[in-house]
file coords36.cif (mmCIF, C-alpha atoms and all ligand atoms)
data_data
#
loop_
_atom_site.group_PDB
_atom_site.id
_atom_site.type_symbol
_atom_site.label_atom_id
_atom_site.label_comp_id
_atom_site.auth_asym_id
_atom_site.auth_seq_id
_atom_site.Cartn_x
_atom_site.Cartn_y
_atom_site.Cartn_z
ATOM 1 C CA MET Q 1212 128.690 98.729 138.952
ATOM 2 C CA ARG Q 1213 125.637 99.036 141.197
ATOM 3 C CA ILE Q 1214 125.958 99.257 144.957
ATOM 4 C CA ILE Q 1215 122.900 97.683 146.577
ATOM 5 C CA THR Q 1216 122.107 97.629 150.285
ATOM 6 C CA SER Q 1217 118.602 96.141 150.349
ATOM 7 C CA ILE Q 1218 117.732 92.445 149.958
ATOM 8 C CA THR Q 1219 114.466 93.229 148.144
ATOM 9 C CA GLN Q 1220 116.245 95.443 145.628
ATOM 10 C CA LEU Q 1221 119.010 92.890 145.035
ATOM 11 C CA ARG Q 1222 116.493 90.062 144.504
ATOM 12 C CA LYS Q 1223 114.544 92.190 142.046
ATOM 13 C CA VAL Q 1224 117.627 92.910 139.948
ATOM 14 C CA LEU Q 1225 118.870 89.305 140.073
ATOM 15 C CA ASN Q 1226 115.454 87.868 139.137
ATOM 16 C CA GLN Q 1227 115.574 89.908 135.943
ATOM 17 C CA VAL Q 1228 119.090 88.630 135.236
ATOM 18 C CA ARG Q 1229 118.042 84.995 135.762
ATOM 19 C CA ARG Q 1230 114.936 85.453 133.584
ATOM 20 C CA LYS Q 1231 117.255 86.364 130.709
ATOM 21 C CA GLY Q 1232 119.039 83.018 131.220
ATOM 22 C CA LYS Q 1233 122.222 84.633 132.511
ATOM 23 C CA THR Q 1234 124.497 82.938 135.044
ATOM 24 C CA ILE Q 1235 125.528 84.523 138.348
ATOM 25 C CA GLY Q 1236 128.914 84.211 140.077
ATOM 26 C CA PHE Q 1237 129.083 85.163 143.753
ATOM 27 C CA VAL Q 1238 132.070 86.234 145.868
ATOM 28 C CA PRO Q 1239 131.270 86.714 149.585
ATOM 29 C CA THR Q 1240 133.838 88.873 151.435
ATOM 30 C CA MET Q 1241 134.400 90.995 154.505
ATOM 31 C CA GLY Q 1242 135.917 93.753 152.379
ATOM 32 C CA TYR Q 1243 139.196 95.659 152.667
ATOM 33 C CA PHE Q 1244 140.126 94.190 149.324
ATOM 34 C CA HIS Q 1245 143.511 92.888 148.259
ATOM 35 C CA GLU Q 1246 144.686 90.880 145.236
ATOM 36 C CA GLY Q 1247 143.280 87.679 146.786
ATOM 37 C CA HIS Q 1248 139.744 89.085 146.697
ATOM 38 C CA LEU Q 1249 140.329 90.495 143.210
ATOM 39 C CA SER Q 1250 141.451 87.120 141.877
ATOM 40 C CA LEU Q 1251 138.115 85.616 143.000
ATOM 41 C CA MET Q 1252 136.256 88.449 141.244
ATOM 42 C CA ARG Q 1253 138.294 87.952 138.045
ATOM 43 C CA GLN Q 1254 137.541 84.221 138.063
ATOM 44 C CA ALA Q 1255 133.820 84.932 138.513
ATOM 45 C CA LYS Q 1256 133.924 87.448 135.631
ATOM 46 C CA ARG Q 1257 135.607 84.858 133.396
ATOM 47 C CA ASP Q 1258 133.168 82.040 134.232
ATOM 48 C CA THR Q 1259 129.759 83.684 134.597
ATOM 49 C CA ASP Q 1260 127.630 86.438 133.053
ATOM 50 C CA LEU Q 1261 127.161 88.544 136.170
ATOM 51 C CA CYS Q 1262 129.481 88.963 139.135
ATOM 52 C CA VAL Q 1263 128.007 89.763 142.561
ATOM 53 C CA VAL Q 1264 130.385 90.610 145.405
ATOM 54 C CA SER Q 1265 129.168 91.065 148.973
ATOM 55 C CA ILE Q 1266 130.896 93.000 151.709
ATOM 56 C CA TYR Q 1267 129.720 92.184 155.198
ATOM 57 C CA VAL Q 1268 131.806 92.033 158.371
ATOM 58 C CA ASN Q 1269 129.764 89.340 160.057
ATOM 59 C CA PRO Q 1270 129.627 89.806 163.851
ATOM 60 C CA ALA Q 1271 128.478 86.187 164.318
ATOM 61 C CA GLN Q 1272 131.858 84.800 163.246
ATOM 62 C CA PHE Q 1273 133.992 86.842 165.644
ATOM 63 C CA GLY Q 1274 134.627 85.701 169.231
ATOM 64 C CA PRO Q 1275 134.138 88.187 172.098
ATOM 65 C CA GLN Q 1276 137.925 88.762 172.360
ATOM 66 C CA GLU Q 1277 138.446 89.018 168.585
ATOM 67 C CA ASP Q 1278 138.932 91.965 166.249
ATOM 68 C CA PHE Q 1279 135.337 92.624 165.034
ATOM 69 C CA LYS Q 1280 135.383 96.301 166.047
ATOM 70 C CA LYS Q 1281 138.782 97.080 164.587
ATOM 71 C CA TYR Q 1282 138.497 94.871 161.474
ATOM 72 C CA PRO Q 1283 139.577 97.189 158.602
ATOM 73 C CA ARG Q 1284 136.686 98.736 156.665
ATOM 74 C CA ASP Q 1285 136.909 101.141 153.719
ATOM 75 C CA LEU Q 1286 133.907 101.081 151.391
ATOM 76 C CA LYS Q 1287 135.168 103.913 149.209
ATOM 77 C CA ARG Q 1288 138.435 102.148 148.477
ATOM 78 C CA ASP Q 1289 136.700 98.760 148.040
ATOM 79 C CA SER Q 1290 134.073 100.067 145.647
ATOM 80 C CA SER Q 1291 136.653 101.757 143.475
ATOM 81 C CA MET Q 1292 138.707 98.523 143.339
ATOM 82 C CA ALA Q 1293 135.614 96.428 142.527
ATOM 83 C CA ARG Q 1294 134.593 98.909 139.824
ATOM 84 C CA LYS Q 1295 138.007 98.512 138.172
ATOM 85 C CA GLU Q 1296 137.417 94.750 138.061
ATOM 86 C CA ASN Q 1297 134.069 95.331 136.326
ATOM 87 C CA VAL Q 1298 132.127 93.776 139.177
ATOM 88 C CA ASP Q 1299 128.443 94.122 138.295
ATOM 89 C CA ILE Q 1300 126.869 94.353 141.742
ATOM 90 C CA LEU Q 1301 128.374 95.169 145.115
ATOM 91 C CA PHE Q 1302 125.986 94.050 147.861
ATOM 92 C CA VAL Q 1303 126.656 95.893 151.119
ATOM 93 C CA PRO Q 1304 123.973 95.040 153.656
ATOM 94 C CA SER Q 1305 123.903 96.568 157.121
ATOM 95 C CA ASP Q 1306 123.563 94.554 160.345
ATOM 96 C CA ASN Q 1307 119.834 95.151 160.702
ATOM 97 C CA VAL Q 1308 119.261 93.927 157.146
ATOM 98 C CA ILE Q 1309 121.073 90.653 157.871
ATOM 99 C CA TYR Q 1310 120.143 89.938 161.500
ATOM 100 C CA SER Q 1311 116.653 91.217 162.158
ATOM 101 C CA GLU Q 1312 115.439 91.596 165.726
ATOM 102 C CA GLY Q 1313 114.767 88.238 167.370
ATOM 103 C CA TYR Q 1314 117.037 86.355 164.946
ATOM 104 C CA LEU Q 1315 117.136 82.641 165.920
ATOM 105 C CA THR Q 1316 118.493 80.416 163.145
ATOM 106 C CA TYR Q 1317 122.078 79.156 162.851
ATOM 107 C CA ILE Q 1318 123.789 76.486 160.780
ATOM 108 C CA ASP Q 1319 126.186 74.087 162.431
ATOM 109 C CA VAL Q 1320 128.349 71.930 160.168
ATOM 110 C CA GLU Q 1321 129.292 69.348 162.776
ATOM 111 C CA LYS Q 1322 132.731 67.884 163.497
ATOM 112 C CA ILE Q 1323 134.808 69.626 160.832
ATOM 113 C CA SER Q 1324 133.879 73.017 162.314
ATOM 114 C CA GLN Q 1325 135.409 71.978 165.647
ATOM 115 C CA TRP Q 1326 138.907 71.062 164.460
ATOM 116 C CA LEU Q 1327 141.943 73.145 163.376
ATOM 117 C CA CYS Q 1328 140.926 76.831 163.682
ATOM 118 C CA GLY Q 1329 137.574 75.746 165.158
ATOM 119 C CA ARG Q 1330 139.318 74.461 168.305
ATOM 120 C CA PHE Q 1331 140.577 77.956 169.036
ATOM 121 C CA ARG Q 1332 137.685 79.945 167.595
ATOM 122 C CA PRO Q 1333 134.540 78.317 169.021
ATOM 123 C CA GLY Q 1334 131.432 79.351 167.082
ATOM 124 C CA HIS Q 1335 133.458 80.847 164.217
ATOM 125 C CA PHE Q 1336 132.402 78.378 161.528
ATOM 126 C CA LYS Q 1337 128.799 78.380 162.761
ATOM 127 C CA GLY Q 1338 128.861 82.121 162.071
ATOM 128 C CA VAL Q 1339 130.509 81.600 158.675
ATOM 129 C CA ALA Q 1340 128.106 78.824 157.584
ATOM 130 C CA THR Q 1341 125.089 80.856 158.711
ATOM 131 C CA ILE Q 1342 126.037 84.056 156.894
ATOM 132 C CA VAL Q 1343 127.041 82.239 153.706
ATOM 133 C CA ALA Q 1344 123.805 80.194 153.711
ATOM 134 C CA LYS Q 1345 121.827 83.421 154.135
ATOM 135 C CA LEU Q 1346 123.742 85.148 151.340
ATOM 136 C CA LEU Q 1347 123.265 82.136 149.039
ATOM 137 C CA ASN Q 1348 119.522 82.247 149.701
ATOM 138 C CA ILE Q 1349 119.528 85.933 148.821
ATOM 139 C CA VAL Q 1350 121.747 85.788 145.719
ATOM 140 C CA TRP Q 1351 120.993 82.266 144.363
ATOM 141 C CA PRO Q 1352 124.241 82.141 142.393
ATOM 142 C CA ASP Q 1353 125.258 79.466 139.911
ATOM 143 C CA VAL Q 1354 128.828 79.460 141.192
ATOM 144 C CA LEU Q 1355 130.205 80.331 144.647
ATOM 145 C CA TYR Q 1356 133.849 81.472 144.691
ATOM 146 C CA LEU Q 1357 136.059 80.757 147.726
ATOM 147 C CA GLY Q 1358 139.784 81.207 148.393
ATOM 148 C CA GLN Q 1359 142.074 78.285 149.210
ATOM 149 C CA LYS Q 1360 143.720 80.555 151.797
ATOM 150 C CA ASP Q 1361 140.841 79.667 154.153
ATOM 151 C CA ALA Q 1362 141.053 75.901 153.675
ATOM 152 C CA GLN Q 1363 138.818 74.948 156.590
ATOM 153 C CA GLN Q 1364 136.195 77.442 155.459
ATOM 154 C CA VAL Q 1365 136.248 75.719 152.056
ATOM 155 C CA ALA Q 1366 135.752 72.277 153.657
ATOM 156 C CA VAL Q 1367 132.936 73.524 155.921
ATOM 157 C CA LEU Q 1368 131.093 75.375 153.148
ATOM 158 C CA LYS Q 1369 131.459 72.509 150.656
ATOM 159 C CA ALA Q 1370 129.944 70.181 153.270
ATOM 160 C CA MET Q 1371 127.096 72.637 153.880
ATOM 161 C CA VAL Q 1372 126.379 73.033 150.143
ATOM 162 C CA ARG Q 1373 126.331 69.233 149.764
ATOM 163 C CA ASP Q 1374 124.256 68.508 152.888
ATOM 164 C CA LEU Q 1375 121.669 71.250 152.356
ATOM 165 C CA ASN Q 1376 121.390 70.695 148.573
ATOM 166 C CA PHE Q 1377 122.266 74.220 147.498
ATOM 167 C CA PRO Q 1378 121.952 74.105 143.682
ATOM 168 C CA LEU Q 1379 125.332 75.583 142.812
ATOM 169 C CA LYS Q 1380 128.968 74.811 142.067
ATOM 170 C CA VAL Q 1381 131.771 75.752 144.444
ATOM 171 C CA LYS Q 1382 134.960 76.955 142.800
ATOM 172 C CA VAL Q 1383 138.128 77.282 144.868
ATOM 173 C CA VAL Q 1384 140.736 79.845 143.793
ATOM 174 C CA ALA Q 1385 144.469 79.523 144.618
ATOM 175 C CA THR Q 1386 145.986 81.620 147.421
ATOM 176 C CA LYS Q 1387 147.425 84.952 146.268
ATOM 177 C CA ARG Q 1388 150.725 85.820 147.889
ATOM 178 C CA GLU Q 1389 153.008 88.805 148.306
ATOM 179 C CA ALA Q 1390 156.339 88.630 146.426
ATOM 180 C CA ASP Q 1391 158.014 87.142 149.525
ATOM 181 C CA GLY Q 1392 155.382 84.397 149.862
ATOM 182 C CA LEU Q 1393 153.201 85.828 152.651
ATOM 183 C CA ALA Q 1394 149.561 84.932 151.954
ATOM 184 C CA MET Q 1395 147.570 88.094 151.339
ATOM 185 C CA SER Q 1396 145.100 88.928 154.086
ATOM 186 C CA SER Q 1397 143.187 91.997 155.214
ATOM 187 C CA ARG Q 1398 144.780 91.369 158.627
ATOM 188 C CA ASN Q 1399 148.374 91.742 157.326
ATOM 189 C CA LYS Q 1400 147.997 95.475 157.816
ATOM 190 C CA TYR Q 1401 148.018 94.890 161.604
ATOM 191 C CA LEU Q 1402 151.558 93.431 161.456
ATOM 192 C CA LEU Q 1403 154.397 95.455 162.982
ATOM 193 C CA SER Q 1404 157.284 95.887 160.542
ATOM 194 C CA ASP Q 1405 159.473 93.357 162.353
ATOM 195 C CA HIS Q 1406 156.725 90.751 162.290
ATOM 196 C CA ARG Q 1407 155.953 91.533 158.653
ATOM 197 C CA ARG Q 1408 159.603 90.764 157.838
ATOM 198 C CA GLN Q 1409 159.440 87.441 159.689
ATOM 199 C CA ALA Q 1410 156.006 86.244 158.546
ATOM 200 C CA PRO Q 1411 157.107 84.749 155.167
ATOM 201 C CA VAL Q 1412 158.698 81.913 157.194
ATOM 202 C CA LEU Q 1413 155.221 80.348 157.268
ATOM 203 C CA TYR Q 1414 155.144 79.773 153.530
ATOM 204 C CA ARG Q 1415 158.840 78.804 153.430
ATOM 205 C CA ALA Q 1416 158.099 76.088 155.997
ATOM 206 C CA LEU Q 1417 155.026 74.909 154.070
ATOM 207 C CA GLN Q 1418 157.012 74.751 150.829
ATOM 208 C CA GLN Q 1419 159.759 72.811 152.550
ATOM 209 C CA ALA Q 1420 157.052 70.434 153.838
ATOM 210 C CA ARG Q 1421 155.749 69.989 150.299
ATOM 211 C CA ARG Q 1422 159.251 69.172 149.036
ATOM 212 C CA MET Q 1423 159.802 66.633 151.820
ATOM 213 C CA VAL Q 1424 156.453 64.928 151.224
ATOM 214 C CA LYS Q 1425 157.018 64.817 147.464
ATOM 215 C CA SER Q 1426 160.428 63.284 147.953
ATOM 216 C CA GLY Q 1427 159.052 60.473 150.082
ATOM 217 C CA GLU Q 1428 158.658 61.640 153.706
ATOM 218 C CA HIS Q 1429 155.221 60.363 154.715
ATOM 219 C CA SER Q 1430 155.406 60.774 158.485
ATOM 220 C CA SER Q 1431 153.066 63.509 159.629
ATOM 221 C CA ALA Q 1432 154.973 63.796 162.933
ATOM 222 C CA LYS Q 1433 158.256 64.505 161.132
ATOM 223 C CA ILE Q 1434 156.718 67.058 158.789
ATOM 224 C CA LYS Q 1435 155.027 68.898 161.657
ATOM 225 C CA ALA Q 1436 158.248 68.871 163.700
ATOM 226 C CA MET Q 1437 160.179 70.362 160.770
ATOM 227 C CA ILE Q 1438 157.595 73.143 160.295
ATOM 228 C CA GLN Q 1439 157.531 73.954 164.010
ATOM 229 C CA SER Q 1440 161.299 74.039 164.206
ATOM 230 C CA MET Q 1441 161.652 76.338 161.183
ATOM 231 C CA ILE Q 1442 159.079 78.794 162.561
ATOM 232 C CA LYS Q 1443 160.646 78.770 166.036
ATOM 233 C CA HIS Q 1444 164.191 79.256 164.761
ATOM 234 C CA GLN Q 1445 163.475 81.844 162.087
ATOM 235 C CA SER Q 1446 160.869 84.036 163.774
ATOM 236 C CA SER Q 1447 159.283 85.140 167.018
ATOM 237 C CA GLY Q 1448 155.905 83.747 165.860
ATOM 238 C CA LYS Q 1449 153.889 81.789 168.444
ATOM 239 C CA ILE Q 1450 152.455 78.641 166.910
ATOM 240 C CA GLN Q 1451 148.798 77.915 167.650
ATOM 241 C CA TYR Q 1452 148.680 74.721 165.578
ATOM 242 C CA VAL Q 1453 150.332 72.871 162.738
ATOM 243 C CA ALA Q 1454 148.218 70.043 161.307
ATOM 244 C CA CYS Q 1455 148.312 67.435 158.551
ATOM 245 C CA VAL Q 1456 144.766 66.407 157.634
ATOM 246 C CA HIS Q 1457 142.664 65.096 154.749
ATOM 247 C CA THR Q 1458 141.692 68.083 152.570
ATOM 248 C CA ASP Q 1459 137.919 67.402 152.586
ATOM 249 C CA THR Q 1460 137.178 65.489 155.801
ATOM 250 C CA LEU Q 1461 139.846 67.321 157.835
ATOM 251 C CA GLN Q 1462 140.579 63.975 159.538
ATOM 252 C CA GLU Q 1463 144.072 63.919 160.998
ATOM 253 C CA LEU Q 1464 146.574 61.917 158.956
ATOM 254 C CA LYS Q 1465 149.388 60.017 160.647
ATOM 255 C CA THR Q 1466 150.725 58.736 157.343
ATOM 256 C CA LEU Q 1467 150.576 61.247 154.513
ATOM 257 C CA GLU Q 1468 148.609 59.843 151.592
ATOM 258 C CA GLY Q 1469 145.876 60.977 149.193
ATOM 259 C CA LYS Q 1470 144.610 64.568 149.424
ATOM 260 C CA ILE Q 1471 146.736 66.179 152.104
ATOM 261 C CA LEU Q 1472 146.176 69.582 153.676
ATOM 262 C CA ILE Q 1473 149.017 70.971 155.754
ATOM 263 C CA ALA Q 1474 147.628 73.937 157.653
ATOM 264 C CA LEU Q 1475 148.885 76.232 160.373
ATOM 265 C CA ALA Q 1476 147.952 79.202 162.527
ATOM 266 C CA VAL Q 1477 150.650 81.396 164.070
ATOM 267 C CA PHE Q 1478 150.501 84.581 166.109
ATOM 268 C CA PHE Q 1479 152.839 87.451 165.337
ATOM 269 C CA GLY Q 1480 152.179 89.750 168.256
ATOM 270 C CA LYS Q 1481 148.402 90.010 168.430
ATOM 271 C CA THR Q 1482 147.933 89.199 164.744
ATOM 272 C CA ARG Q 1483 146.901 85.651 163.963
ATOM 273 C CA LEU Q 1484 147.998 84.443 160.522
ATOM 274 C CA ILE Q 1485 146.853 81.246 158.800
ATOM 275 C CA ASP Q 1486 148.262 79.524 155.760
ATOM 276 C CA ASN Q 1487 148.221 76.100 154.112
ATOM 277 C CA VAL Q 1488 149.325 73.961 151.200
ATOM 278 C CA VAL Q 1489 147.478 71.120 149.512
ATOM 279 C CA ILE Q 1490 149.439 68.121 148.255
ATOM 280 C CA ARG Q 1491 148.047 65.246 146.242
ATOM 281 C CA LEU Q 1492 149.847 61.943 146.630
ATOM 282 C CA HIS Q 1493 148.692 58.860 144.810
ATOM 283 C CA ALA Q 1494 148.313 55.841 147.096
ATOM 284 C CA ARG Q 1495 151.576 53.958 147.307
ATOM 285 C CA LYS Q 1496 151.679 50.719 145.348
ATOM 286 C CA GLN Q 1497 151.950 47.576 147.494
ATOM 287 C CA HIS Q 1498 155.060 45.680 146.426
ATOM 288 C CA LYS Q 1499 154.607 41.918 146.401
ATOM 289 C CA SER Q 1500 157.614 40.013 147.732
HETATM 290 P P1 LIG N 1 137.563 87.598 153.603
HETATM 291 O O1 LIG N 1 137.206 88.966 153.146
HETATM 292 O O2 LIG N 1 138.880 87.527 154.316
HETATM 293 O O3 LIG N 1 136.438 86.924 154.350
HETATM 294 O O4 LIG N 1 137.783 86.730 152.299
HETATM 295 C C1 LIG N 1 136.809 86.652 151.290
HETATM 296 C C2 LIG N 1 137.196 85.545 150.321
HETATM 297 O O5 LIG N 1 138.489 85.834 149.784
HETATM 298 C C3 LIG N 1 137.299 84.156 151.008
HETATM 299 O O6 LIG N 1 136.801 83.157 150.140
HETATM 300 C C4 LIG N 1 138.779 84.018 151.205
HETATM 301 O O7 LIG N 1 139.216 82.673 151.269
HETATM 302 C C5 LIG N 1 139.325 84.696 149.972
HETATM 303 N N1 LIG N 1 140.722 85.114 150.188
HETATM 304 C C6 LIG N 1 141.225 85.800 151.242
HETATM 305 N N2 LIG N 1 142.555 85.953 151.124
HETATM 306 C C7 LIG N 1 142.901 85.329 149.965
HETATM 307 C C8 LIG N 1 144.137 85.122 149.276
HETATM 308 N N3 LIG N 1 145.298 85.585 149.754
HETATM 309 N N4 LIG N 1 144.110 84.455 148.102
HETATM 310 C C9 LIG N 1 142.941 83.975 147.598
HETATM 311 N N5 LIG N 1 141.748 84.132 148.202
HETATM 312 C C10 LIG N 1 141.725 84.802 149.368
#

call {"tool": "encode", "arguments": {"input": "coords36.cif", "output": "structure tokens", "more": "lines below"}}
Ligand code: AMP
result
Amino acid sequence: MRIITSITQLRKVLNQVRRKGKTIGFVPTMGYFHEGHLSLMRQAKRDTDLCVVSIYVNPAQFGPQEDFKKYPRDLKRDSSMARKENVDILFVPSDNVIYSEGYLTYIDVEKISQWLCGRFRPGHFKGVATIVAKLLNIVWPDVLYLGQKDAQQVAVLKAMVRDLNFPLKVKVVATKREADGLAMSSRNKYLLSDHRRQAPVLYRALQQARRMVKSGEHSSAKIKAMIQSMIKHQSSGKIQYVACVHTDTLQELKTLEGKILIALAVFFGKTRLIDNVVIRLHARKQHKS
């Protein structure tokens, strides 16, 4: 595995790879790897000839009150984990490589960036879209790998790839979970032990929602009320939002039909956790009387 910090160097290496007709899979990350990140790398290794992973904690996607400074970073640990997965290139640019002095250009995926997490994290998805667009222009991958864990990020980046004609495929990889159901996240390490014990209620509530929807409950209001009640009764988590929306457009659904995303954000102490499930329901047949 090569660790590369310069854009020029990375482009040089990748041009040679492309000239040989090889395909490139790309996994953008903020590092502090866990099994979720590794599952994206494994998928890229299976599908493509060369796997590029980037580690960059992007200041543009953190709000002024958020955890940019204390976001966990450990390049030694990350590079040893990536090496074990046979990652070919680890791209680790520094801030001045990514945002040169006088930087002016940002990408705004309208509407869907403003809803769900976007309501509470203004500017977050503008930062995400901008850094991913930059990285795609640097790497030029054939396939971009994203985790379902960040469902709104998937919707925003798919819209950006479509609207700006990036010549690549987006592949979404299922959420990796701890044995008790908690979605893996670099931020789980912030959780106090009491909160860590309570946090699996999020996935229990989402699974219960899935069961209810599958067995015929199509009222978004009822599903959301059930999720809120479970979280309130079984934990000290403070709910930021629970939403039932269309998976791609993120439009709110009153009646649950088609491609449904049930997503939530909950604070345990100062740690904000997100999770979601996707449910596909075929449109109900109209019965003629
Ligand atoms: P991050 O380092 O948190 O920005 O995540 C980098 C990539 O890993 C994103 O595409 C995430 O959606 C994905 N990811 C994060 N956590 C998980 C998880 N538990 N399961 C699957 N993918 C994940």

call {"tool": "resolve_selection", "arguments": {"input": "coords36.cif", "expression": "the PyMOL selection byres (((chain Q and resi 1464) around 10) and not hetatm)", "output": "list in words"}}
result
His1429, Ser1430, Ser1431, Ala1432, Ala1454, Cys1455, Val1456, His1457, Leu1461, Gln1462, Glu1463, Lys1465, Thr1466, Leu1467, Glu1468, Gly1469, Ile1471, Leu1472 and Ile1473 of chain Q

call {"tool": "residues_near_ligand", "arguments": {"input": "coords36.cif", "ligand": "ligand LIG 1 (chain N)", "cutoff": "10 Å", "atoms": "only C-alpha atoms and all ligand atoms", "output": "VMD selection string"}}
result
chain Q and resid 1238 to 1252 1264 to 1269 1339 1355 to 1365 1382 to 1389 1393 to 1398 1485 to 1486

call {"tool": "atom_distance", "arguments": {"input": "coords36.cif", "atom1": "atom CA of Thr1316 of chain Q", "atom2": "atom CA of Leu1368 of chain Q"}}
result
16.9 Å

call {"tool": "residues_around", "arguments": {"input": "coords36.cif", "residues": "Lys1470 of chain Q", "least_positions_apart": "6", "cutoff": "9 Å", "atoms": "all atoms listed in the file", "output": "MDAnalysis selection string"}}
result
chainID Q and resid 1456:1459 1489:1493

call {"tool": "residues_near_point", "arguments": {"input": "coords36.cif", "point": "(156.8, 87.4, 166.4)", "cutoff": "10 Å", "atoms": "all atoms listed in the file", "output": "short mmCIF file (atom, residue, chain, number, x, y, z; two decimals) with C-alpha atoms, keeping the file's coordinate frame"}}
result
data_model
loop_
_atom_site.label_atom_id
_atom_site.label_comp_id
_atom_site.auth_asym_id
_atom_site.auth_seq_id
_atom_site.Cartn_x
_atom_site.Cartn_y
_atom_site.Cartn_z
CA LEU Q 1402 151.56 93.43 161.46
CA LEU Q 1403 154.40 95.46 162.98
CA ASP Q 1405 159.47 93.36 162.35
CA HIS Q 1406 156.72 90.75 162.29
CA ARG Q 1407 155.95 91.53 158.65
CA ARG Q 1408 159.60 90.76 157.84
CA GLN Q 1409 159.44 87.44 159.69
CA ALA Q 1410 156.01 86.24 158.55
CA ILE Q 1442 159.08 78.79 162.56
CA LYS Q 1443 160.65 78.77 166.04
CA GLN Q 1445 163.48 81.84 162.09
CA SER Q 1446 160.87 84.04 163.77
CA SER Q 1447 159.28 85.14 167.02
CA GLY Q 1448 155.90 83.75 165.86
CA LYS Q 1449 153.89 81.79 168.44
CA ILE Q 1450 152.46 78.64 166.91
CA VAL Q 1477 150.65 81.40 164.07
CA PHE Q 1478 150.50 84.58 166.11
CA PHE Q 1479 152.84 87.45 165.34
CA GLY Q 1480 152.18 89.75 168.26
CA LYS Q 1481 148.40 90.01 168.43
CA THR Q 1482 147.93 89.20 164.74
#

call {"tool": "atom_distance", "arguments": {"input": "coords36.cif", "atom1": "atom CA of Cys1262 of chain Q", "atom2": "atom CA of Gly1236 of chain Q"}}
result
4.9 Å

call {"tool": "atom_distance", "arguments": {"input": "coords36.cif", "atom1": "atom CA of His1444 of chain Q", "atom2": "atom CA of Ala1390 of chain Q"}}
result
22.0 Å

call {"tool": "residues_around", "arguments": {"input": "coords36.cif", "residues": "segment 1224-1234 of chain Q", "least_positions_apart": "4", "cutoff": "12 Å", "atoms": "all atoms listed in the file", "output": "PyMOL selection string"}}
result
chain Q and resi 1213-1215+1217-1220+1255-1263+1299-1300+1302+1348-1355+1379-1380

call {"tool": "residues_around", "arguments": {"input": "coords36.cif", "residues": "Arg1415 of chain Q", "least_positions_apart": "3", "cutoff": "10 Å", "atoms": "all atoms listed in the file", "output": "ChimeraX atom specification"}}
result
/Q:1391-1393,1410-1412,1418-1421,1438,1441-1442

call {"tool": "closest_residue", "arguments": {"input": "coords36.cif", "among": "Q:Asn1307, Q:Asn1376, Q:Ala1370, Q:Tyr1401", "to": "Lys1281 of chain Q", "atoms": "all atoms listed in the file"}}
result
Q:Tyr1401

call {"tool": "resolve_selection", "arguments": {"input": "coords36.cif", "expression": "the PyMOL selection byres (((chain Q and resi 1332) around 12) and not hetatm)", "output": "list in words"}}
result
Ala1271, Gln1272, Phe1273, Gly1274, Pro1275, Gln1276, Glu1277, Ser1324, Gln1325, Trp1326, Leu1327, Cys1328, Gly1329, Arg1330, Phe1331, Pro1333, Gly1334, His1335, Phe1336, Lys1337, Gly1338, Val1339, Gln1451, Ala1476 and Arg1483 of chain Q

call {"tool": "axis_aligned_box", "arguments": {"input": "coords36.cif", "around": "segment 1394-1413 of chain Q", "padding_each_side": "3 Å", "output": "JSON"}}
result
{"center_x": 151.4, "center_y": 88.1, "center_z": 157.2, "size_x": 22.4, "size_y": 21.5, "size_z": 17.6}

call {"tool": "closest_residue", "arguments": {"input": "coords36.cif", "among": "Q:Arg1222, Q:Met1212, Q:Val1308, Q:Glu1321", "to": "Ser1291 of chain Q", "atoms": "all atoms listed in the file"}}
result
Q:Met1212

call {"tool": "closest_residue", "arguments": {"input": "coords36.cif", "among": "Q:Ser1404, Q:Phe1237, Q:Ala1474, Q:Ser1311", "to": "Lys1435 of chain Q", "atoms": "only C-alpha atoms"}}
result
Q:Ala1474

call {"tool": "closest_residue", "arguments": {"input": "coords36.cif", "among": "Q:Arg1373, Q:Pro1378, Q:Lys1322, Q:Thr1216", "to": "Ile1309 of chain Q", "atoms": "only C-alpha atoms"}}
result
Q:Thr1216
